[in-house]
$ cat data.csv   # CSV, C-alpha atoms
chain,number,residue,atom,x,y,z
H,1,MET,CA,26.0,28.4,-22.1
H,2,THR,CA,23.3,26.5,-23.9
H,3,VAL,CA,20.2,24.9,-22.4
H,4,ARG,CA,19.8,21.3,-23.4
H,5,ARG,CA,16.4,19.5,-22.9
H,6,ILE,CA,16.3,15.8,-22.3
H,7,GLU,CA,12.9,14.0,-22.8
H,8,VAL,CA,12.4,11.4,-20.2
H,9,ARG,CA,8.8,10.2,-19.8
H,10,GLU,CA,9.7,7.8,-17.0
H,11,ARG,CA,7.1,6.6,-14.4
H,12,VAL,CA,8.2,7.6,-11.0
H,13,MET,CA,6.7,4.5,-9.5
H,14,GLU,CA,8.6,2.2,-11.9
H,15,ARG,CA,11.3,1.2,-9.4
H,16,ASN,CA,8.7,0.1,-6.9
H,17,ASP,CA,6.7,-1.7,-9.5
H,18,VAL,CA,9.7,-3.6,-10.7
H,19,LEU,CA,10.5,-4.7,-7.2
H,20,ALA,CA,6.8,-5.6,-6.7
H,21,ARG,CA,6.9,-7.8,-9.8
H,22,ASP,CA,9.8,-9.6,-8.3
H,23,VAL,CA,8.0,-10.1,-5.0
H,24,ARG,CA,5.0,-11.5,-6.9
H,25,ARG,CA,7.1,-13.9,-8.9
H,26,ARG,CA,8.8,-15.2,-5.7
H,27,LEU,CA,5.4,-15.6,-4.0
H,28,ASP,CA,4.0,-17.4,-7.1
H,29,ASP,CA,7.0,-19.7,-7.3
H,30,ALA,CA,6.6,-20.6,-3.7
H,31,GLY,CA,2.9,-21.2,-4.1
H,32,ILE,CA,2.0,-18.4,-1.6
H,33,ILE,CA,-1.1,-16.3,-1.8
H,34,ALA,CA,-0.5,-12.8,-0.3
H,35,TYR,CA,-3.2,-10.5,0.9
H,36,ASN,CA,-2.5,-6.9,1.6
H,37,LEU,CA,-4.7,-5.7,4.5
H,38,VAL,CA,-5.3,-2.0,4.4
H,39,SER,CA,-7.4,0.2,6.7
H,40,SER,CA,-7.6,3.3,8.8
H,41,PRO,CA,-5.8,3.1,12.2
H,42,GLY,CA,-8.0,1.3,14.7
H,43,SER,CA,-10.2,-0.7,12.4
H,44,GLY,CA,-9.2,-4.0,14.1
H,45,LYS,CA,-6.7,-5.4,11.6
H,46,THR,CA,-4.4,-6.9,14.3
H,47,LEU,CA,-7.3,-8.5,16.2
H,48,LEU,CA,-8.7,-9.9,13.0
H,49,LEU,CA,-5.3,-11.4,12.2
H,50,GLU,CA,-5.0,-12.8,15.8
H,51,ARG,CA,-8.3,-14.5,15.5
H,52,THR,CA,-7.5,-15.7,12.0
H,53,LEU,CA,-4.2,-17.2,13.1
H,54,ALA,CA,-5.9,-18.8,16.1
H,55,GLY,CA,-8.7,-20.2,13.9
H,56,VAL,CA,-7.0,-21.4,10.7
H,57,GLY,CA,-3.4,-20.3,11.0
H,58,GLU,CA,-2.0,-23.8,11.3
H,59,GLU,CA,-4.3,-25.4,8.7
H,60,LEU,CA,-3.7,-22.8,6.1
H,61,ARG,CA,0.0,-22.2,7.0
H,62,ILE,CA,-0.5,-18.5,7.5
H,63,GLY,CA,2.4,-16.1,7.9
H,64,VAL,CA,2.3,-12.3,8.5
H,65,VAL,CA,4.3,-9.3,7.6
H,66,THR,CA,3.3,-6.4,9.8
H,67,GLY,CA,4.1,-2.8,9.1
H,68,ASP,CA,4.0,-0.2,11.8
H,69,VAL,CA,5.3,3.4,11.9
H,70,GLN,CA,6.9,2.7,15.3
H,71,THR,CA,7.1,-0.2,17.7
H,72,GLN,CA,6.8,-3.9,17.0
H,73,ASN,CA,3.6,-4.2,19.1
H,74,ASP,CA,1.5,-5.8,16.4
H,75,ALA,CA,4.1,-8.3,15.5
H,76,ASP,CA,4.5,-9.2,19.2
H,77,ARG,CA,0.7,-9.6,19.6
H,78,LEU,CA,0.5,-11.9,16.6
H,79,ALA,CA,3.5,-14.0,17.6
H,80,HIS,CA,1.5,-15.1,20.7
H,81,HIS,CA,-0.9,-16.9,18.4
H,82,THR,CA,1.4,-18.8,16.1
H,83,ASP,CA,4.7,-20.5,15.8
H,84,ARG,CA,4.5,-19.4,12.2
H,85,LEU,CA,6.4,-16.6,10.8
H,86,VAL,CA,5.7,-13.0,11.8
H,87,GLN,CA,8.0,-10.4,10.3
H,88,ALA,CA,7.9,-6.9,11.6
H,89,VAL,CA,8.7,-3.9,9.4
H,90,VAL,CA,9.1,-0.6,11.3
H,91,THR,CA,8.7,2.1,8.8
H,92,GLY,CA,10.3,4.8,10.9
H,93,GLY,CA,7.7,7.4,10.1
H,94,ALA,CA,6.8,6.4,6.6
H,95,CYS,CA,3.1,6.1,6.0
H,96,HIS,CA,3.1,2.9,3.9
H,97,LEU,CA,5.0,-0.3,3.1
H,98,ASP,CA,6.9,-0.4,-0.2
H,99,ALA,CA,8.0,-3.3,-2.3
H,100,LEU,CA,11.6,-3.0,-1.2
H,101,GLN,CA,10.5,-3.6,2.4
H,102,MET,CA,8.5,-6.6,1.2
H,103,GLN,CA,11.6,-8.0,-0.5
H,104,ASP,CA,13.5,-7.8,2.7
H,105,ALA,CA,10.6,-9.3,4.6
H,106,LEU,CA,10.5,-12.3,2.2
H,107,ASP,CA,14.2,-12.8,2.7
H,108,ALA,CA,13.6,-13.2,6.4
H,109,LEU,CA,10.7,-15.6,6.0
H,110,ASP,CA,10.8,-19.4,5.4
H,111,LEU,CA,8.7,-19.3,2.2
H,112,THR,CA,8.5,-23.1,2.0
H,113,ALA,CA,6.4,-23.1,5.3
H,114,LEU,CA,3.7,-20.7,4.0
H,115,ARG,CA,0.5,-21.0,2.0
H,116,ILE,CA,-1.1,-17.7,2.8
H,117,LEU,CA,0.8,-14.5,3.7
H,118,PHE,CA,-1.0,-11.5,5.2
H,119,ILE,CA,0.7,-8.1,4.9
H,120,GLU,CA,-0.7,-5.9,7.6
H,121,ASN,CA,0.0,-2.5,6.1
H,122,VAL,CA,0.4,0.8,8.0
H,123,GLY,CA,-3.0,2.1,9.1
H,124,ASN,CA,-3.8,4.6,6.4
H,125,LEU,CA,-6.3,4.6,3.6
H,126,VAL,CA,-4.3,7.1,1.4
H,127,CYS,CA,-0.7,6.1,0.8
H,128,PRO,CA,-0.8,2.3,0.7
H,129,ALA,CA,-3.1,2.6,-2.3
H,130,SER,CA,-0.2,3.8,-4.4
H,131,TRP,CA,2.4,1.1,-3.6
H,132,ASP,CA,2.1,-2.3,-5.2
H,133,LEU,CA,3.6,-4.8,-2.8
H,134,GLY,CA,3.4,-7.8,-5.1
H,135,GLU,CA,0.2,-9.0,-3.3
H,136,ARG,CA,-2.6,-11.1,-4.9
H,137,ALA,CA,-5.2,-8.7,-3.7
H,138,LYS,CA,-5.8,-5.7,-1.4
H,139,ILE,CA,-8.4,-6.2,1.3
H,140,VAL,CA,-9.8,-3.1,3.0
H,141,VAL,CA,-10.8,-3.5,6.7
H,142,LEU,CA,-13.5,-1.0,7.6
H,143,SER,CA,-15.1,-0.9,11.1
H,144,VAL,CA,-18.6,0.2,11.9
H,145,THR,CA,-17.3,2.9,14.3
H,146,GLU,CA,-16.0,4.8,11.2
H,147,GLY,CA,-17.9,6.9,8.7
H,148,GLU,CA,-19.9,4.9,6.2
H,149,ASP,CA,-18.8,7.3,3.5
H,150,LYS,CA,-15.1,6.2,3.7
H,151,PRO,CA,-15.4,4.5,0.2
H,152,LEU,CA,-16.3,7.9,-1.2
H,153,LYS,CA,-13.6,9.7,0.7
H,154,TYR,CA,-10.9,7.3,-0.2
H,155,PRO,CA,-12.0,6.0,-3.6
H,156,LYS,CA,-8.5,5.0,-4.8
H,157,MET,CA,-8.1,2.5,-2.1
H,158,PHE,CA,-11.5,1.0,-2.6
H,159,GLN,CA,-11.0,0.9,-6.4
H,160,GLN,CA,-7.8,-1.1,-5.9
H,161,ALA,CA,-9.2,-3.5,-3.4
H,162,ARG,CA,-10.9,-6.8,-4.2
H,163,HIS,CA,-12.6,-7.4,-0.8
H,164,VAL,CA,-13.9,-5.3,2.1
H,165,ILE,CA,-14.2,-6.7,5.6
H,166,ILE,CA,-16.7,-4.7,7.7
H,167,ASN,CA,-15.5,-5.3,11.2
H,168,LYS,CA,-16.8,-4.7,14.7
H,169,MET,CA,-20.3,-5.8,13.7
H,170,ASP,CA,-21.1,-6.4,17.4
H,171,LEU,CA,-21.1,-2.6,17.8
H,172,LEU,CA,-23.6,-2.0,15.0
H,173,PRO,CA,-26.6,-1.6,17.3
H,174,TYR,CA,-24.8,1.2,19.2
H,175,VAL,CA,-23.5,3.4,16.4
H,176,PRO,CA,-25.2,5.4,13.6
H,177,PHE,CA,-23.4,3.4,10.9
H,178,ASP,CA,-25.7,2.7,7.9
H,179,ILE,CA,-24.1,-0.6,6.6
H,180,GLU,CA,-26.2,-0.8,3.4
H,181,ARG,CA,-25.3,2.7,2.5
H,182,CYS,CA,-21.6,1.9,3.1
H,183,VAL,CA,-21.9,-1.1,0.8
H,184,ALA,CA,-23.6,1.0,-1.8
H,185,TYR,CA,-21.0,3.7,-1.7
H,186,ALA,CA,-18.2,1.1,-2.0
H,187,ARG,CA,-19.9,-0.5,-5.0
H,188,GLU,CA,-20.3,2.9,-6.5
H,189,VAL,CA,-16.5,3.3,-6.7
H,190,ASN,CA,-15.9,-0.4,-7.4
H,191,PRO,CA,-18.8,-2.6,-8.4
H,192,SER,CA,-16.9,-5.9,-8.2
H,193,LEU,CA,-16.1,-5.6,-4.5
H,194,GLU,CA,-17.0,-8.5,-2.2
H,195,PHE,CA,-17.9,-8.0,1.4
H,196,PHE,CA,-17.5,-9.8,4.7
H,197,ARG,CA,-19.3,-8.7,7.8
H,198,VAL,CA,-17.5,-9.8,10.9
H,199,SER,CA,-16.8,-9.1,14.5
H,200,ALA,CA,-13.3,-10.4,15.1
H,201,LEU,CA,-14.0,-9.8,18.8
H,202,THR,CA,-17.1,-12.0,19.1
H,203,GLY,CA,-16.4,-14.3,16.2
H,204,GLN,CA,-19.6,-13.2,14.4
H,205,GLY,CA,-19.2,-13.8,10.6
H,206,MET,CA,-15.7,-15.2,11.0
H,207,GLU,CA,-16.7,-18.5,9.5
H,208,ASP,CA,-17.4,-16.8,6.2
H,209,TRP,CA,-14.0,-15.2,6.2
H,210,PHE,CA,-12.3,-18.5,7.1
H,211,ARG,CA,-14.2,-20.3,4.3
H,212,PHE,CA,-13.0,-17.7,1.8
H,213,LEU,CA,-9.4,-18.3,3.0
H,214,LYS,CA,-9.7,-22.0,2.8
H,215,GLU,CA,-11.1,-21.9,-0.7
H,216,SER,CA,-8.3,-19.5,-1.7
H,217,ALA,CA,-5.7,-21.8,-0.3
H,218,TRP,CA,-7.2,-25.0,-1.8
H,219,ALA,CA,-7.9,-23.5,-5.2
H,220,GLY,CA,-4.6,-21.6,-5.4
H,221,SER,CA,-6.4,-18.8,-7.0
H,222,PRO,CA,-8.5,-15.8,-5.8
H,223,VAL,CA,-12.2,-16.6,-5.2
S,224,MET,CA,1.5,12.6,2.9
S,225,HIS,CA,4.0,10.5,1.0
S,226,GLU,CA,5.2,13.1,-1.4
S,227,LEU,CA,8.6,13.4,0.2
S,228,SER,CA,9.4,9.8,-0.7
S,229,ILE,CA,8.3,10.5,-4.2
S,230,ALA,CA,10.3,13.6,-4.4
S,231,LEU,CA,13.4,11.7,-3.3
S,232,GLU,CA,12.7,9.2,-6.0
S,233,VAL,CA,12.4,12.0,-8.6
S,234,CYS,CA,15.8,13.3,-7.4
S,235,ARG,CA,17.3,9.8,-7.8
S,236,LEU,CA,15.9,9.5,-11.3
S,237,VAL,CA,17.3,12.9,-12.3
S,238,GLU,CA,20.7,12.1,-10.8
S,239,THR,CA,20.9,8.8,-12.7
S,240,ARG,CA,20.7,10.9,-15.9
S,241,THR,CA,22.9,13.8,-15.0
S,242,GLY,CA,25.5,12.2,-12.7
S,243,PRO,CA,27.7,15.0,-11.3
S,244,GLY,CA,25.9,17.4,-13.6
S,245,ALA,CA,22.9,17.6,-11.3
S,246,ALA,CA,24.0,21.1,-10.3
S,247,ASN,CA,23.3,22.3,-13.8
S,248,VAL,CA,19.7,21.1,-14.0
S,249,THR,CA,17.4,24.1,-14.3
S,250,GLN,CA,14.0,22.5,-14.9
S,251,VAL,CA,12.5,19.2,-14.0
S,252,GLY,CA,9.2,18.5,-15.7
S,253,ILE,CA,6.8,16.2,-13.9
S,254,GLU,CA,3.3,15.1,-14.8
S,255,VAL,CA,1.0,14.4,-11.8
S,256,GLY,CA,-2.3,12.7,-12.6
S,257,ASP,CA,-5.3,13.9,-10.7
S,258,ALA,CA,-6.1,10.3,-9.7
S,259,SER,CA,-2.4,9.4,-9.0
S,260,GLY,CA,-2.8,9.7,-5.2
S,261,PHE,CA,-0.2,12.4,-5.1
S,262,GLU,CA,-0.8,16.0,-4.3
S,263,ALA,CA,0.9,18.3,-6.8
S,264,ALA,CA,1.4,21.3,-4.5
S,265,ASN,CA,2.8,19.1,-1.7
S,266,LEU,CA,5.2,17.4,-4.2
S,267,GLU,CA,6.3,20.8,-5.5
S,268,PHE,CA,7.0,21.9,-1.9
S,269,CYS,CA,9.2,18.8,-1.3
S,270,LEU,CA,11.0,19.2,-4.6
S,271,ASP,CA,11.7,22.9,-4.0
S,272,ALA,CA,13.4,21.9,-0.7
S,273,LEU,CA,15.4,19.1,-2.2
S,274,PHE,CA,16.4,21.0,-5.3
S,275,SER,CA,17.8,23.9,-3.2
S,276,ARG,CA,20.5,21.6,-1.8
S,277,PRO,CA,23.5,19.8,-3.3
S,278,PRO,CA,23.9,18.0,-5.6
S,279,PHE,CA,21.2,20.3,-7.0
S,280,GLY,CA,21.0,24.0,-6.6
S,281,ARG,CA,19.3,25.6,-9.6
S,282,ALA,CA,16.6,23.2,-10.4
S,283,LYS,CA,13.0,24.1,-10.4
S,284,ALA,CA,10.1,21.7,-10.6
S,285,VAL,CA,7.6,22.3,-13.3
S,286,ILE,CA,4.5,20.4,-12.5
S,287,LEU,CA,1.8,19.7,-15.0
S,288,ARG,CA,-1.4,18.2,-13.7
S,289,THR,CA,-3.0,15.7,-16.0
S,290,PRO,CA,-6.1,13.5,-16.0
S,291,GLY,CA,-5.6,9.8,-15.0
S,292,ASP,CA,-3.4,8.2,-12.4
S,293,ASP,CA,0.0,8.5,-13.9
S,294,LEU,CA,3.0,10.1,-12.2
S,295,ARG,CA,5.9,10.7,-14.6
S,296,LEU,CA,9.2,12.5,-14.8
S,297,THR,CA,8.8,14.0,-18.3
S,298,TYR,CA,11.8,16.1,-19.1
S,299,LEU,CA,15.0,17.8,-17.8
S,300,GLU,CA,16.5,21.1,-18.8
S,301,ILE,CA,20.2,21.4,-18.3
S,302,ASP,CA,22.2,24.7,-18.6
S,303,GLU,CA,25.5,23.7,-20.1
$ encode --input "data.csv" --output "structure tokens"
Amino acid sequence: MTVRRIEVRERVMERNDVLARDVRRRLDDAGIIAYNLVSSPGSGKTLLLERTLAGVGEELRIGVVTGDVQTQNDADRLAHHTDRLVQAVVTGGACHLDALQMQDALDALDLTALRILFIENVGNLVCPASWDLGERAKIVVLSVTEGEDKPLKYPKMFQQARHVIINKMDLLPYVPFDIERCVAYAREVNPSLEFFRVSALTGQGMEDWFRFLKESAWAGSPV
Amino acid sequence: MHELSIALEVCRLVETRTGPGAANVTQVGIEVGDASGFEAANLEFCLDALFSRPPFGRAKAVILRTPGDDLRLTYLEIDE
């Protein structure tokens, strides 16, 4: 018996990254801008998307892929606000979406009907940071009822994101959230982050968010 | 949190190289970057569980922590 050693040096994420490149190419070919929304559970991603669909969903031809560990509740909520395409992915326990699930979701969508595609990832600031889904950019949703040090606790997610939406601004007077410190922490881990301050519930700040989406859609490139 | 899915992918990568010879694999070298988003001890726990079952049986994960964000299958040792 002899021991044979095989050198490999293969990236374990390579398979996902190959699939993600295919998703990105398909989206580019169809002229679709995809944003991957990531956050802790309960940050308000679904309400933000509901209000976004209600506000500019038709104008910007917005579709959504939702990922949930269990249930299609988010997809059902979103489907009330649009005739556009909402595709649910139930991960069955997995803590993130992966590029293979995105490929399947794209197969189920009419890509010719879309200009912007939101991916509502599983609520989790850890795992979704490691899986490229073929998106144009990751957007972190962070609510003021959370700790302002989230950017320091979950640096990989904030390093990978291009934008941060600080949500539930209507609750700011009632919670000990130091928003300027939060922004400073986030810029500490990623100086190029851009911020929106919104309350999806009251509509506060949503016009800035809509303006960004319109500029993205019209320019065909990230702002 | 997601180390089991990564461990399953490691098993798939190993099997693509060994085919039915997976039972003869004795060592699987893996580099886990400190900023990879994957926890080395958790990954090792998952791999130990998977490597104890067919088509494996004798394999042991040898994890080397590295700087950076890479996660790589680096080598296999096969007892022939």
$ residues_around --input "data.csv" --residues "H:Ala20" --least-positions-apart "6" --cutoff "10 Å" --atoms "only C-alpha atoms" --output "list in words"
Glu14, Arg26, Asp98, Ala99, Leu100, Met102, Gln103, Trp131, Asp132, Leu133, Gly134 and Glu135 of chain H
$ interface_residues --input "data.csv" --of "chain H" --to "chain S" --cutoff "6 Å" --atoms "only C-alpha atoms" --output "list in words"
Met1, Thr2, Val3, Arg4, Arg5, Ile6, Glu7, Val8, Arg9, Glu10, Arg11 and Val12 of chain H
$ closest_residue --input "data.csv" --among "H:Ala217, H:Ile179, H:Met169, H:Leu193" --to "H:Gly44" --atoms "only C-alpha atoms"
H:Met169
$ atom_distance --input "data.csv" --atom1 "atom CA of S:Arg276" --atom2 "atom CA of H:Ser130"
27.4 Å
$ atom_distance --input "data.csv" --atom1 "atom CA of H:Cys182" --atom2 "atom CA of H:Asp208"
19.4 Å
$ atom_distance --input "data.csv" --atom1 "atom CA of H:Gly92" --atom2 "atom CA of S:Leu231"
16.1 Å
$ closest_residue --input "data.csv" --among "H:Leu109, H:Val65, H:Arg136, H:Asn36" --to "H:Arg24" --atoms "all atoms listed in the file"
H:Arg136
$ residues_around --input "data.csv" --residues "H:Arg197" --least-positions-apart "2" --cutoff "9 Å" --atoms "all atoms listed in the file" --output "number ranges by chain"
H: 164-169, 195, 199, 204-206, 208-209
$ residues_near_point --input "data.csv" --point "(11.9, 3.5, 9.1)" --cutoff "10 Å" --atoms "only C-alpha atoms" --output "list of chain:residue names"
H:Asp68, H:Val69, H:Gln70, H:Val89, H:Val90, H:Thr91, H:Gly92, H:Gly93, H:Ala94, H:Cys95, H:Leu97, H:Gln101
$ closest_residue --input "data.csv" --among "H:Ala75, H:Ala113, H:Ala54, H:Val122" --to "H:Gly42" --atoms "all atoms listed in the file"
H:Val122
$ build_atoms --input "data.csv" --residues "stretch 74-88 of chain H" --atoms "N, CA and C atoms" --output "PDB file, keeping the file's coordinate frame"
ATOM      1  N   ASP H  74       2.396  -4.869  17.147  1.00  0.00           N
ATOM      2  CA  ASP H  74       1.500  -5.800  16.400  1.00  0.00           C
ATOM      3  C   ASP H  74       2.144  -7.112  16.174  1.00  0.00           C
ATOM      4  N   ALA H  75       3.411  -7.080  15.786  1.00  0.00           N
ATOM      5  CA  ALA H  75       4.100  -8.300  15.500  1.00  0.00           C
ATOM      6  C   ALA H  75       4.186  -9.170  16.826  1.00  0.00           C
ATOM      7  N   ASP H  76       4.427  -8.492  17.953  1.00  0.00           N
ATOM      8  CA  ASP H  76       4.500  -9.200  19.200  1.00  0.00           C
ATOM      9  C   ASP H  76       3.146  -9.835  19.572  1.00  0.00           C
ATOM     10  N   ARG H  77       2.058  -9.087  19.336  1.00  0.00           N
ATOM     11  CA  ARG H  77       0.700  -9.600  19.600  1.00  0.00           C
ATOM     12  C   ARG H  77       0.469 -10.872  18.747  1.00  0.00           C
ATOM     13  N   LEU H  78       0.817 -10.776  17.482  1.00  0.00           N
ATOM     14  CA  LEU H  78       0.500 -11.900  16.600  1.00  0.00           C
ATOM     15  C   LEU H  78       1.388 -13.099  16.869  1.00  0.00           C
ATOM     16  N   ALA H  79       2.610 -12.843  17.326  1.00  0.00           N
ATOM     17  CA  ALA H  79       3.500 -14.000  17.600  1.00  0.00           C
ATOM     18  C   ALA H  79       3.013 -14.835  18.733  1.00  0.00           C
ATOM     19  N   HIS H  80       2.132 -14.291  19.585  1.00  0.00           N
ATOM     20  CA  HIS H  80       1.500 -15.100  20.700  1.00  0.00           C
ATOM     21  C   HIS H  80       0.607 -16.166  20.119  1.00  0.00           C
ATOM     22  N   HIS H  81       0.138 -15.996  18.914  1.00  0.00           N
ATOM     23  CA  HIS H  81      -0.900 -16.900  18.400  1.00  0.00           C
ATOM     24  C   HIS H  81      -0.384 -17.874  17.371  1.00  0.00           C
ATOM     25  N   THR H  82       0.876 -17.851  17.119  1.00  0.00           N
ATOM     26  CA  THR H  82       1.400 -18.800  16.100  1.00  0.00           C
ATOM     27  C   THR H  82       2.864 -19.014  16.263  1.00  0.00           C
ATOM     28  N   ASP H  83       3.265 -20.199  15.894  1.00  0.00           N
ATOM     29  CA  ASP H  83       4.700 -20.500  15.800  1.00  0.00           C
ATOM     30  C   ASP H  83       5.165 -20.095  14.376  1.00  0.00           C
ATOM     31  N   ARG H  84       4.189 -19.767  13.544  1.00  0.00           N
ATOM     32  CA  ARG H  84       4.500 -19.400  12.200  1.00  0.00           C
ATOM     33  C   ARG H  84       5.186 -18.063  12.118  1.00  0.00           C
ATOM     34  N   LEU H  85       5.493 -17.662  10.933  1.00  0.00           N
ATOM     35  CA  LEU H  85       6.400 -16.600  10.800  1.00  0.00           C
ATOM     36  C   LEU H  85       5.767 -15.227  10.820  1.00  0.00           C
ATOM     37  N   VAL H  86       6.207 -14.409  11.700  1.00  0.00           N
ATOM     38  CA  VAL H  86       5.700 -13.000  11.800  1.00  0.00           C
ATOM     39  C   VAL H  86       6.936 -12.128  11.594  1.00  0.00           C
ATOM     40  N   GLN H  87       6.898 -11.313  10.587  1.00  0.00           N
ATOM     41  CA  GLN H  87       8.000 -10.400  10.300  1.00  0.00           C
ATOM     42  C   GLN H  87       7.590  -8.995  10.465  1.00  0.00           C
ATOM     43  N   ALA H  88       8.239  -8.267  11.339  1.00  0.00           N
ATOM     44  CA  ALA H  88       7.900  -6.900  11.600  1.00  0.00           C
ATOM     45  C   ALA H  88       8.675  -5.935  10.698  1.00  0.00           C
TER      46      ALA H  88
END
